[in-house]
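Novice: Structure: work-v1.txt, compact mmCIF, C-alpha atoms and all ligand atoms.
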```txt
# COMPACT_ATOMS: atom_id res chain seq x y z
CA MET A 1 -14.35 -240.02 -51.71
CA ILE A 2 -17.74 -238.35 -51.25
CA SER A 3 -20.02 -237.57 -54.18
CA GLN A 4 -19.71 -234.36 -56.20
CA LYS A 5 -23.22 -233.38 -55.19
CA MET A 6 -22.41 -233.81 -51.51
CA LYS A 7 -19.14 -231.93 -51.93
CA GLN A 8 -21.15 -228.98 -53.15
CA MET A 9 -23.54 -229.27 -50.18
CA VAL A 10 -20.65 -229.56 -47.70
CA GLU A 11 -19.14 -226.33 -49.04
CA GLN A 12 -22.45 -224.48 -48.82
CA SER A 13 -23.24 -225.85 -45.36
CA ALA A 14 -19.80 -224.88 -44.07
CA ALA A 15 -20.59 -221.26 -44.89
CA MET A 16 -23.98 -221.51 -43.14
CA SER A 17 -22.67 -223.27 -40.02
CA ALA A 18 -19.82 -220.77 -39.76
CA MET A 19 -22.51 -218.14 -39.46
CA PHE A 20 -24.28 -220.05 -36.71
CA THR A 21 -21.13 -220.79 -34.71
CA GLU A 22 -20.27 -217.10 -34.95
CA GLY A 23 -23.00 -216.41 -32.37
CA LYS A 24 -21.28 -218.69 -29.88
CA ARG A 25 -17.85 -217.17 -30.60
CA LEU A 26 -19.13 -213.64 -30.04
CA ALA A 27 -21.05 -214.73 -26.92
CA ALA A 28 -17.82 -216.11 -25.44
CA ILE A 29 -16.12 -212.74 -25.97
CA TYR A 30 -18.90 -210.27 -25.10
CA GLY A 31 -21.31 -212.39 -22.99
CA ALA A 32 -24.44 -214.03 -24.42
CA GLU A 33 -26.66 -211.13 -23.32
CA ASN A 34 -24.61 -208.71 -25.43
CA VAL A 35 -24.90 -210.68 -28.68
CA TYR A 36 -28.09 -210.27 -30.71
CA ASP A 37 -28.60 -213.40 -32.72
CA PHE A 38 -31.35 -212.95 -35.34
CA GLY A 39 -29.94 -215.71 -37.51
CA ILE A 40 -32.25 -218.68 -37.19
CA GLY A 41 -35.95 -219.42 -37.19
CA ASN A 42 -36.21 -221.42 -33.97
CA PRO A 43 -39.52 -220.54 -32.22
CA ASN A 44 -39.11 -218.68 -28.93
CA VAL A 45 -42.60 -219.43 -27.62
CA LYS A 46 -43.19 -222.60 -25.63
CA ALA A 47 -45.49 -225.26 -27.04
CA PRO A 48 -49.06 -224.91 -25.69
CA ALA A 49 -49.41 -226.68 -22.32
CA SER A 50 -51.96 -229.05 -23.83
CA VAL A 51 -49.24 -230.53 -26.08
CA ASN A 52 -47.15 -231.81 -23.18
CA ALA A 53 -50.28 -232.79 -21.23
CA THR A 54 -51.53 -234.82 -24.21
CA ALA A 55 -48.17 -236.54 -24.66
CA ILE A 56 -48.05 -237.42 -20.95
CA GLU A 57 -51.59 -238.75 -21.01
CA ILE A 58 -50.84 -240.92 -24.03
CA LEU A 59 -47.62 -242.24 -22.49
CA GLN A 60 -49.29 -242.99 -19.17
CA ASN A 61 -52.52 -244.48 -20.42
CA MET A 62 -51.86 -246.18 -23.71
CA ASP A 63 -50.32 -249.57 -24.30
CA SER A 64 -46.61 -248.86 -24.75
CA LEU A 65 -46.38 -251.35 -27.60
CA LYS A 66 -49.01 -249.37 -29.50
CA VAL A 67 -47.51 -245.96 -28.74
CA HIS A 68 -44.08 -246.88 -30.01
CA SER A 69 -44.86 -249.19 -32.89
CA TYR A 70 -44.40 -248.53 -36.60
CA THR A 71 -47.45 -246.88 -38.11
CA ASP A 72 -48.83 -247.07 -41.66
CA SER A 73 -46.35 -245.28 -43.95
CA SER A 74 -49.00 -242.64 -44.57
CA GLY A 75 -49.67 -242.29 -40.84
CA ILE A 76 -52.18 -243.42 -38.23
CA PRO A 77 -55.65 -243.40 -39.86
CA ALA A 78 -57.29 -241.82 -36.78
CA ALA A 79 -54.74 -238.99 -36.74
CA ARG A 80 -55.23 -238.35 -40.47
CA LYS A 81 -59.01 -238.37 -39.98
CA ALA A 82 -58.85 -235.89 -37.07
CA ILE A 83 -56.71 -233.48 -39.11
CA ALA A 84 -58.89 -233.92 -42.22
CA GLU A 85 -61.96 -232.97 -40.16
CA SER A 86 -60.21 -229.95 -38.72
CA LEU A 87 -59.27 -228.77 -42.23
CA ASN A 88 -62.83 -229.35 -43.49
CA HIS A 89 -64.13 -227.24 -40.66
CA ARG A 90 -61.61 -224.43 -41.33
CA PHE A 91 -61.53 -224.35 -45.13
CA GLY A 92 -64.85 -225.83 -46.25
CA THR A 93 -63.12 -228.82 -47.84
CA ASN A 94 -64.31 -232.39 -47.98
CA TYR A 95 -61.24 -234.43 -46.97
CA ASP A 96 -61.00 -237.77 -45.27
CA GLU A 97 -57.97 -239.77 -44.14
CA SER A 98 -57.17 -240.75 -47.73
CA ASN A 99 -56.20 -237.11 -48.39
CA LEU A 100 -53.65 -236.91 -45.58
CA VAL A 101 -50.13 -238.29 -45.26
CA MET A 102 -48.31 -237.68 -41.96
CA THR A 103 -44.73 -236.52 -42.51
CA VAL A 104 -41.49 -235.71 -40.74
CA GLY A 105 -42.20 -231.95 -40.68
CA ALA A 106 -42.63 -229.82 -43.78
CA ALA A 107 -39.08 -230.72 -44.82
CA GLY A 108 -40.07 -234.41 -44.84
CA GLY A 109 -43.30 -233.60 -46.68
CA LEU A 110 -41.51 -231.58 -49.36
CA ASN A 111 -38.93 -234.31 -49.95
CA VAL A 112 -41.70 -236.89 -50.14
CA ILE A 113 -43.79 -235.03 -52.68
CA LEU A 114 -40.79 -234.09 -54.83
CA LYS A 115 -39.75 -237.75 -54.82
CA VAL A 116 -43.25 -238.65 -56.00
CA LEU A 117 -43.48 -236.06 -58.78
CA LEU A 118 -40.04 -235.58 -60.31
CA ASP A 119 -38.01 -237.41 -62.89
CA ALA A 120 -34.37 -236.42 -63.36
CA GLY A 121 -34.15 -233.11 -65.21
CA ASP A 122 -37.67 -231.98 -64.30
CA GLU A 123 -37.98 -228.36 -63.30
CA VAL A 124 -39.48 -226.84 -60.17
CA LEU A 125 -40.17 -223.13 -59.88
CA THR A 126 -40.36 -220.95 -56.80
CA PHE A 127 -40.53 -217.22 -56.18
CA ALA A 128 -37.33 -215.62 -54.92
CA PRO A 129 -36.51 -214.93 -52.20
CA TYR A 130 -37.07 -218.49 -51.01
CA PHE A 131 -36.09 -220.97 -48.28
CA GLY A 132 -32.65 -222.05 -49.48
CA GLU A 133 -33.20 -225.73 -48.71
CA TYR A 134 -35.51 -225.96 -51.72
CA ASP A 135 -32.38 -226.15 -53.90
CA ASN A 136 -31.22 -229.23 -51.99
CA TYR A 137 -34.62 -230.89 -51.78
CA VAL A 138 -35.11 -230.60 -55.54
CA MET A 139 -31.53 -231.68 -56.23
CA ASN A 140 -32.03 -234.74 -53.96
CA VAL A 141 -34.28 -236.23 -56.61
CA GLY A 142 -32.36 -235.01 -59.66
CA GLY A 143 -34.61 -232.05 -60.40
CA VAL A 144 -33.63 -228.47 -61.10
CA LEU A 145 -34.94 -225.50 -59.10
CA HIS A 146 -35.57 -222.35 -61.15
CA PRO A 147 -36.26 -219.30 -59.00
CA VAL A 148 -38.58 -216.68 -60.47
CA PRO A 149 -36.69 -213.38 -59.92
CA PRO A 150 -37.56 -211.35 -56.81
CA ASN A 151 -40.05 -208.51 -57.06
CA PRO A 152 -38.98 -205.80 -54.59
CA PRO A 153 -39.99 -203.75 -52.70
CA ASP A 154 -43.23 -205.56 -51.77
CA PHE A 155 -42.06 -209.05 -52.85
CA LEU A 156 -45.47 -210.12 -54.10
CA PRO A 157 -45.05 -212.67 -56.91
CA ASP A 158 -44.58 -211.26 -60.39
CA VAL A 159 -47.01 -213.43 -62.33
CA ASP A 160 -45.75 -212.37 -65.77
CA ALA A 161 -42.22 -213.34 -64.73
CA LEU A 162 -43.64 -216.69 -63.56
CA SER A 163 -45.30 -217.23 -66.92
CA ALA A 164 -41.99 -216.60 -68.70
CA CYS A 165 -40.24 -219.24 -66.55
CA ILE A 166 -42.66 -222.12 -67.26
CA THR A 167 -41.44 -224.72 -69.77
CA PRO A 168 -42.72 -228.15 -70.86
CA LYS A 169 -40.42 -229.57 -68.16
CA THR A 170 -42.02 -227.59 -65.32
CA LYS A 171 -43.50 -230.13 -62.95
CA ALA A 172 -44.30 -228.01 -59.93
CA ILE A 173 -44.08 -224.63 -58.29
CA ILE A 174 -43.36 -224.30 -54.59
CA ILE A 175 -45.33 -221.45 -53.03
CA ASN A 176 -44.50 -220.41 -49.49
CA SER A 177 -46.97 -218.00 -47.90
CA PRO A 178 -46.59 -216.59 -45.26
CA ASN A 179 -43.12 -216.37 -46.68
CA ASN A 180 -39.71 -217.12 -45.29
CA PRO A 181 -37.77 -214.76 -45.53
CA THR A 182 -40.07 -211.80 -46.38
CA GLY A 183 -43.10 -212.42 -44.12
CA VAL A 184 -45.31 -211.52 -47.11
CA ILE A 185 -48.70 -213.22 -47.41
CA TYR A 186 -49.92 -213.76 -50.97
CA ASP A 187 -53.43 -212.36 -51.28
CA ALA A 188 -56.34 -214.15 -53.00
CA GLY A 189 -56.04 -212.02 -56.17
CA THR A 190 -52.40 -213.01 -56.59
CA ILE A 191 -53.17 -216.70 -56.05
CA GLU A 192 -55.97 -216.47 -58.64
CA LYS A 193 -53.56 -214.99 -61.18
CA ILE A 194 -50.96 -217.68 -60.49
CA ALA A 195 -53.65 -220.36 -60.90
CA ALA A 196 -54.77 -218.86 -64.22
CA VAL A 197 -51.21 -218.85 -65.59
CA LEU A 198 -50.63 -222.45 -64.50
CA ARG A 199 -53.89 -223.60 -66.11
CA GLN A 200 -53.05 -221.78 -69.32
CA LYS A 201 -49.51 -223.18 -69.50
CA SER A 202 -50.63 -226.73 -68.59
CA ALA A 203 -53.14 -226.57 -71.46
CA GLU A 204 -50.54 -225.11 -73.85
CA TYR A 205 -47.93 -227.80 -73.10
CA GLY A 206 -50.31 -230.67 -72.33
CA THR A 207 -48.67 -231.11 -68.91
CA ASP A 208 -49.74 -231.22 -65.27
CA ILE A 209 -48.21 -228.47 -63.16
CA TYR A 210 -48.65 -228.97 -59.42
CA ILE A 211 -48.56 -226.25 -56.78
CA ILE A 212 -46.74 -227.41 -53.67
CA ALA A 213 -47.96 -225.03 -50.95
CA ASP A 214 -45.29 -225.00 -48.26
CA GLU A 215 -47.18 -223.77 -45.19
CA PRO A 216 -45.23 -224.01 -41.94
CA TYR A 217 -46.16 -220.41 -41.14
CA ARG A 218 -49.89 -220.62 -41.95
CA GLU A 219 -51.00 -219.81 -38.40
CA LEU A 220 -48.58 -216.89 -38.01
CA ALA A 221 -50.55 -214.04 -39.61
CA TYR A 222 -50.99 -210.56 -38.14
CA ASP A 223 -53.51 -207.72 -38.27
CA GLY A 224 -56.31 -210.15 -39.13
CA VAL A 225 -54.85 -210.82 -42.61
CA GLU A 226 -56.24 -214.05 -44.05
CA VAL A 227 -53.91 -216.63 -45.56
CA PRO A 228 -55.74 -217.93 -48.66
CA TYR A 229 -56.07 -221.73 -48.71
CA ILE A 230 -54.50 -222.48 -52.08
CA PRO A 231 -56.28 -225.81 -52.84
CA ASN A 232 -59.50 -223.78 -52.95
CA PHE A 233 -58.02 -221.77 -55.85
CA TYR A 234 -56.15 -224.41 -57.84
CA GLU A 235 -57.22 -228.03 -58.07
CA ASN A 236 -53.69 -229.37 -58.54
CA THR A 237 -52.37 -228.18 -55.18
CA ILE A 238 -50.63 -230.31 -52.57
CA VAL A 239 -50.07 -228.74 -49.14
CA ALA A 240 -46.97 -229.39 -47.02
CA TYR A 241 -47.83 -228.38 -43.45
CA SER A 242 -45.80 -228.46 -40.27
CA PHE A 243 -46.34 -228.11 -36.53
CA SER A 244 -42.77 -226.82 -36.09
CA LYS A 245 -43.86 -223.20 -35.83
CA SER A 246 -47.62 -223.44 -35.23
CA LEU A 247 -47.14 -225.51 -32.06
CA SER A 248 -43.42 -224.75 -31.51
CA LEU A 249 -42.41 -228.38 -32.08
CA PRO A 250 -39.51 -228.09 -34.55
CA GLY A 251 -37.49 -230.87 -32.95
CA ASP A 252 -40.39 -233.31 -32.82
CA ARG A 253 -40.47 -233.49 -36.62
CA ILE A 254 -44.17 -233.67 -37.33
CA GLY A 255 -46.29 -232.36 -40.18
CA TYR A 256 -48.46 -233.62 -43.00
CA LEU A 257 -49.20 -233.47 -46.69
CA VAL A 258 -52.70 -232.75 -47.92
CA ILE A 259 -53.32 -234.43 -51.26
CA PRO A 260 -56.81 -233.37 -52.37
CA SER A 261 -58.77 -235.88 -54.47
CA THR A 262 -58.84 -233.25 -57.26
CA VAL A 263 -55.09 -233.47 -58.02
CA SER A 264 -54.07 -235.12 -61.27
CA ASP A 265 -53.42 -238.83 -60.78
CA PHE A 266 -54.64 -238.61 -57.18
CA ALA A 267 -54.51 -242.36 -56.45
CA GLU A 268 -50.94 -242.70 -57.70
CA VAL A 269 -49.76 -239.52 -56.02
CA SER A 270 -51.14 -240.53 -52.62
CA MET A 271 -49.87 -244.10 -52.89
CA GLY A 272 -46.52 -242.69 -54.05
CA ALA A 273 -46.35 -240.39 -51.03
CA ALA A 274 -46.76 -243.31 -48.62
CA ILE A 275 -44.07 -245.25 -50.47
CA ALA A 276 -41.76 -242.21 -50.60
CA ASN A 277 -42.09 -241.80 -46.82
CA ARG A 278 -40.80 -245.37 -46.53
CA VAL A 279 -38.09 -245.44 -49.17
CA LEU A 280 -36.62 -242.07 -48.19
CA GLY A 281 -35.96 -243.73 -44.84
CA PHE A 282 -38.49 -241.81 -42.77
CA VAL A 283 -40.60 -245.04 -42.71
CA ASN A 284 -43.35 -243.14 -40.91
CA ALA A 285 -43.73 -239.84 -39.03
CA PRO A 286 -43.00 -240.20 -35.27
CA ALA A 287 -45.91 -242.20 -33.84
CA LEU A 288 -46.29 -240.39 -30.52
CA GLN A 289 -46.26 -237.01 -32.26
CA GLN A 290 -48.91 -238.15 -34.73
CA MET A 291 -51.16 -238.94 -31.77
CA VAL A 292 -50.38 -235.65 -30.04
CA VAL A 293 -51.09 -233.41 -33.05
CA ALA A 294 -54.29 -235.34 -33.81
CA LYS A 295 -55.58 -234.04 -30.48
CA CYS A 296 -53.92 -230.59 -30.58
CA CYS A 297 -54.23 -229.60 -34.25
CA GLU A 298 -56.61 -226.75 -33.46
CA GLU A 299 -54.28 -225.20 -30.88
CA THR A 300 -51.98 -222.38 -31.93
CA THR A 301 -48.89 -220.69 -30.65
CA ASP A 302 -48.84 -217.26 -29.02
CA VAL A 303 -49.14 -215.15 -32.17
CA ALA A 304 -49.43 -211.99 -30.03
CA PHE A 305 -45.87 -212.54 -28.76
CA TYR A 306 -44.42 -212.57 -32.28
CA ASN A 307 -46.64 -209.67 -33.28
CA ALA A 308 -45.31 -207.53 -30.44
CA ASN A 309 -41.74 -208.35 -31.55
CA ARG A 310 -42.65 -207.51 -35.14
CA GLU A 311 -44.08 -204.10 -34.22
CA LEU A 312 -41.19 -203.19 -31.97
CA LEU A 313 -38.46 -204.13 -34.44
CA TYR A 314 -40.19 -202.93 -37.61
CA ASN A 315 -41.03 -199.50 -36.16
CA ALA A 316 -37.55 -199.02 -34.71
CA LEU A 317 -35.82 -200.03 -37.95
CA GLN A 318 -38.04 -197.67 -39.95
CA GLU A 319 -37.12 -194.86 -37.57
CA TYR A 320 -33.39 -195.58 -38.01
CA GLY A 321 -33.71 -195.38 -41.80
CA TYR A 322 -33.85 -199.06 -42.81
CA SER A 323 -36.37 -200.05 -45.47
CA CYS A 324 -38.39 -203.23 -45.56
CA ALA A 325 -41.88 -204.43 -46.53
CA LYS A 326 -43.93 -204.71 -43.34
CA PRO A 327 -44.32 -208.47 -42.86
CA GLN A 328 -47.89 -209.70 -42.49
CA GLY A 329 -46.89 -213.15 -41.32
CA ALA A 330 -44.16 -215.59 -40.25
CA PHE A 331 -41.46 -214.18 -37.95
CA TYR A 332 -38.96 -212.58 -40.30
CA LEU A 333 -38.14 -209.09 -41.57
CA PHE A 334 -36.43 -208.86 -44.95
CA VAL A 335 -34.51 -205.62 -44.81
CA LYS A 336 -32.57 -203.80 -47.53
CA ALA A 337 -28.88 -203.96 -46.72
CA LEU A 338 -27.24 -200.57 -46.39
CA GLU A 339 -24.66 -201.48 -49.01
CA ASP A 340 -24.95 -203.51 -52.22
CA ASP A 341 -23.04 -206.50 -50.87
CA ASP A 342 -25.35 -208.17 -48.35
CA LYS A 343 -22.59 -210.46 -47.07
CA ALA A 344 -20.32 -207.48 -46.37
CA PHE A 345 -23.25 -205.81 -44.61
CA CYS A 346 -23.69 -208.91 -42.39
CA GLU A 347 -19.97 -208.74 -41.53
CA LYS A 348 -20.33 -205.08 -40.65
CA ALA A 349 -23.39 -205.89 -38.50
CA LYS A 350 -21.26 -208.34 -36.51
CA GLU A 351 -19.08 -205.43 -35.38
CA TYR A 352 -22.25 -204.27 -33.61
CA ARG A 353 -22.84 -207.83 -32.31
CA LEU A 354 -25.84 -208.24 -34.62
CA LEU A 355 -26.21 -211.57 -36.39
CA VAL A 356 -28.44 -211.53 -39.45
CA THR A 357 -28.60 -213.73 -42.56
CA PRO A 358 -27.59 -212.49 -46.03
CA GLY A 359 -30.37 -212.37 -48.60
CA SER A 360 -28.16 -214.27 -51.03
CA ALA A 361 -28.87 -217.39 -48.92
CA PHE A 362 -32.47 -216.93 -50.12
CA GLY A 363 -31.69 -216.13 -53.75
CA CYS A 364 -32.00 -212.36 -53.26
CA LYS A 365 -28.86 -210.29 -52.97
CA GLY A 366 -28.80 -206.86 -51.36
CA TYR A 367 -31.12 -207.77 -48.47
CA VAL A 368 -30.79 -209.45 -45.08
CA ARG A 369 -33.19 -211.58 -43.09
CA ILE A 370 -33.80 -210.79 -39.44
CA SER A 371 -35.58 -213.54 -37.46
CA TYR A 372 -37.58 -211.96 -34.68
CA CYS A 373 -38.60 -215.23 -33.01
CA VAL A 374 -36.36 -214.21 -30.11
CA ALA A 375 -36.84 -212.99 -26.54
CA ARG A 376 -38.32 -209.49 -26.38
CA GLU A 377 -35.28 -208.31 -24.41
CA THR A 378 -33.02 -209.39 -27.25
CA ILE A 379 -34.84 -206.95 -29.52
CA GLU A 380 -34.97 -204.19 -26.91
CA ASN A 381 -31.26 -204.52 -26.14
CA SER A 382 -30.29 -204.74 -29.82
CA LEU A 383 -31.91 -201.46 -30.87
CA PRO A 384 -28.93 -199.21 -30.06
CA SER A 385 -26.77 -201.54 -32.19
CA PHE A 386 -29.16 -201.35 -35.16
CA LYS A 387 -29.20 -197.56 -34.78
CA ALA A 388 -25.40 -197.31 -34.61
CA LEU A 389 -25.05 -199.63 -37.60
CA ALA A 390 -27.36 -197.40 -39.68
CA GLU A 391 -25.49 -194.30 -38.56
CA SER A 392 -22.16 -195.82 -39.54
CA TYR A 393 -23.38 -195.79 -43.16
CA LYS A 394 -24.36 -192.12 -43.00
CA LYS A 395 -20.81 -190.97 -42.21
N1 LIG B 401 -40.29 -224.51 -45.36
C1 LIG B 401 -39.94 -223.30 -44.89
C2 LIG B 401 -40.28 -222.11 -45.69
C3 LIG B 401 -39.25 -223.18 -43.68
O1 LIG B 401 -38.92 -221.97 -43.24
C4 LIG B 401 -38.94 -224.36 -42.95
C5 LIG B 401 -38.21 -224.28 -41.69
O2 LIG B 401 -37.79 -223.28 -41.21
C6 LIG B 401 -39.34 -225.59 -43.48
C7 LIG B 401 -40.00 -225.63 -44.69
C8 LIG B 401 -39.05 -226.86 -42.78
O3 LIG B 401 -39.85 -226.94 -41.64
P1 LIG B 401 -39.98 -228.26 -40.76
O4 LIG B 401 -39.34 -227.98 -39.46
O5 LIG B 401 -41.43 -228.47 -40.62
O6 LIG B 401 -39.35 -229.37 -41.50
```
As structure tokens, please, write out the structure in this file.
Ligand code: PLP

Specialist:
Amino acid sequence: MISQKMKQMVEQSAAMSAMFTEGKRLAAIYGAENVYDFGIGNPNVKAPASVNATAIEILQNMDSLKVHSYTDSSGIPAARKAIAESLNHRFGTNYDESNLVMTVGAAGGLNVILKVLLDAGDEVLTFAPYFGEYDNYVMNVGGVLHPVPPNPPDFLPDVDALSACITPKTKAIIINSPNNPTGVIYDAGTIEKIAAVLRQKSAEYGTDIYIIADEPYRELAYDGVEVPYIPNFYENTIVAYSFSKSLSLPGDRIGYLVIPSTVSDFAEVSMGAAIANRVLGFVNAPALQQMVVAKCCEETTDVAFYNANRELLYNALQEYGYSCAKPQGAFYLFVKALEDDDKAFCEKAKEYRLLVTPGSAFGCKGYVRISYCVARETIENSLPSFKALAESYKK
């Protein structure tokens, strides 16, 4: 008999995987080229050539025993140092290898840091809409995720609503900017306000409230919009970064945590993160990938490709009568469903061979997420379907 917790997860996952297998079912009926799958966030840009070249060079020239051996639980010191220096150069920080822990993607990093910070019953906040896995990650360690209600239509955080959600049990807030699913980037003024509220509430309750900045989409920002570096605004910030989207390496499972020396109980938190990497069963981030990203951490993906997709889809959807905040980053559009029930709207969209994800999967009913990290032709070919879908609601 499986656990009650897992039973719950199995039920939720069944609904999600049904959605993903739907693409295959429709492709078998109509042909893959006639099904427009905007369901998942799998990058559609190849990793920069230097990534494969670096991996090949390492595999050909380094002692195989070294390449494939266990590393320190917190990662290879030289890799951590290279990334620390890159961050210092970009954000004016003063990190060294003691501030970095290599992780199994952002998902690994988030699970590690939640394991370090939470006792059973502790609360974690996040702004809705949010990446649905946060519920599971927090539940994994016995915590409780409390979403701060969504703030449509621009989906910038409502700082007063945040303030009302903080209790003496609030241990952390997960902030994800550029955001999945809205593509919104939180500007410096908003981050400053969030920081002020957290400082005020920490003082009021005599607690430490950490920001966990979940940043897999940091490099995906458009129109020259800057993504504020949150540790420069709030001393108690830990960053969970990933190369899944920035270098298109989602299957290689590589990322890192930045634990600045300014965070409360720095020594314990960073030691805890190394131990959590081990005891959660990751042991260490993949060794070869640590070496690769140490050399390629200043490379980026083809942002122009995603930007062209964004412009094409956003402008077309506007023209057809859909409404959505223009995303400044990531590769998602969060569009108002054309009926109240977002799941029913997704079902209706399937009749037009469009696969999109209901906003309720992100804690925000009445919207749908469209992932535009797809081939340009997929978007071009899907436009008549989006138009017909909109028209079907005007009848
Ligand atoms: N956080 C957010 C907001 C995401 O969208 C994702 C993946 O899509 C992750 C974390 C996990 O990313 P990774 O592949 O680095 O584990």

Novice: What's around Gly329 of chain A at 9 Å? Count all atoms listed in the file, leave out sequence neighbours fewer than 4 positions away in its own chain, and write the answer as a PyMOL selection string.

Specialist: chain A and resi 177-179+182-185+217-222+225+227+307

Novice: Would you please work out which residue, of A:Tyr186, A:Phe20, A:Tyr70, A:Tyr130, is nearest to Thr357 of chain A when using all atoms listed in the file?

Specialist: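 Closest residue, counting all atoms listed in the file: A:Phe20.
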
Novice: So, counting all atoms listed in the file, which residue among A:Arg80, A:Arg376, A:Lys115, A:His89 is closest to Ala276 of chain A?

Specialist: A:Lys115

Novice: At a cut-off of 9 Å and counting all atoms listed in the file, what residues surround ligand LIG 401 (chain B)? Please answer as number ranges by chain.

Specialist: A: 40-42, 103-110, 130-134, 175-181, 214-217, 240-245, 249-255, 330

Novice: When you draw a straight line from atom CA of Ala172 of chain A to atom CA of Asn236 of chain A, how long is it in Å?

Specialist: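 It comes out at 9.6 Å.
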
Novice: So the first atom is atom CA of Tyr306 of chain A and the second is atom CA of Ala79 of chain A; what is the distance between them in Å, to one decimal place?

Specialist: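 Separation of atom CA of Tyr306 of chain A and atom CA of Ala79 of chain A: 28.7 Å.
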
Novice: Select, from A:Cys364, A:Val335, A:Ala344, A:Met291, the residue with the minimum atom-to-atom distance to Ala55 of chain A, counting only C-alpha atoms.

Specialist: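 Nearest candidate to Ala55 of chain A out of A:Cys364, A:Val335, A:Ala344, A:Met291: A:Met291.
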
Novice: Which residues are near Tyr322 of chain A? Cut-off 9 Å, all atoms listed in the file, ignore same chain within fewer than 6 positions. Put them as a PyMOL selection string.

Specialist: chain A and resi 316+335-338+390

Novice: Do you have, as a tab-separated table, the list of residues of segment 2-31 of chain A lying at most 12 Å from segment 139-152 of chain A, each with its nearest atom pair and that distance in Å to one decimal, counting only C-alpha atoms and ordered by chain then number?

Specialist:
```
residue	atom	partner	partner_atom	distance
A:Lys5	CA	A:Met139	CA	8.5
A:Met6	CA	A:Asn140	CA	10.0
A:Gln8	CA	A:Met139	CA	11.2
A:Met9	CA	A:Met139	CA	10.3
```

Novice: Report as CSV: every residue of segment 224-290 of chain A with an atom at most 12 Å from segment 90-98 of chain A, its closest pair of atoms, and their distance in Å to one decimal, counting only C-alpha atoms, with rows sorted by chain and ascending residue number.

Specialist:
```
residue,atom,partner,partner_atom,distance
A:Glu226,CA,A:Phe91,CA,11.6
A:Val227,CA,A:Phe91,CA,10.9
A:Pro228,CA,A:Phe91,CA,9.3
A:Tyr229,CA,A:Phe91,CA,7.0
A:Ile230,CA,A:Phe91,CA,10.1
A:Pro231,CA,A:Thr93,CA,9.0
A:Asn232,CA,A:Thr93,CA,8.0
A:Phe233,CA,A:Phe91,CA,11.6
A:Glu235,CA,A:Thr93,CA,11.8
A:Tyr256,CA,A:Glu97,CA,11.4
A:Leu257,CA,A:Ser98,CA,10.8
A:Val258,CA,A:Tyr95,CA,8.8
A:Ile259,CA,A:Ser98,CA,8.2
A:Pro260,CA,A:Tyr95,CA,7.1
A:Ser261,CA,A:Tyr95,CA,8.0
A:Thr262,CA,A:Tyr95,CA,10.6
A:Phe266,CA,A:Ser98,CA,10.0
A:Ala267,CA,A:Ser98,CA,9.3
A:Glu268,CA,A:Ser98,CA,11.9
A:Val269,CA,A:Ser98,CA,11.2
A:Ser270,CA,A:Ser98,CA,7.8
A:Met271,CA,A:Ser98,CA,9.5
A:Ala273,CA,A:Ser98,CA,11.3
A:Ala274,CA,A:Ser98,CA,10.8
```
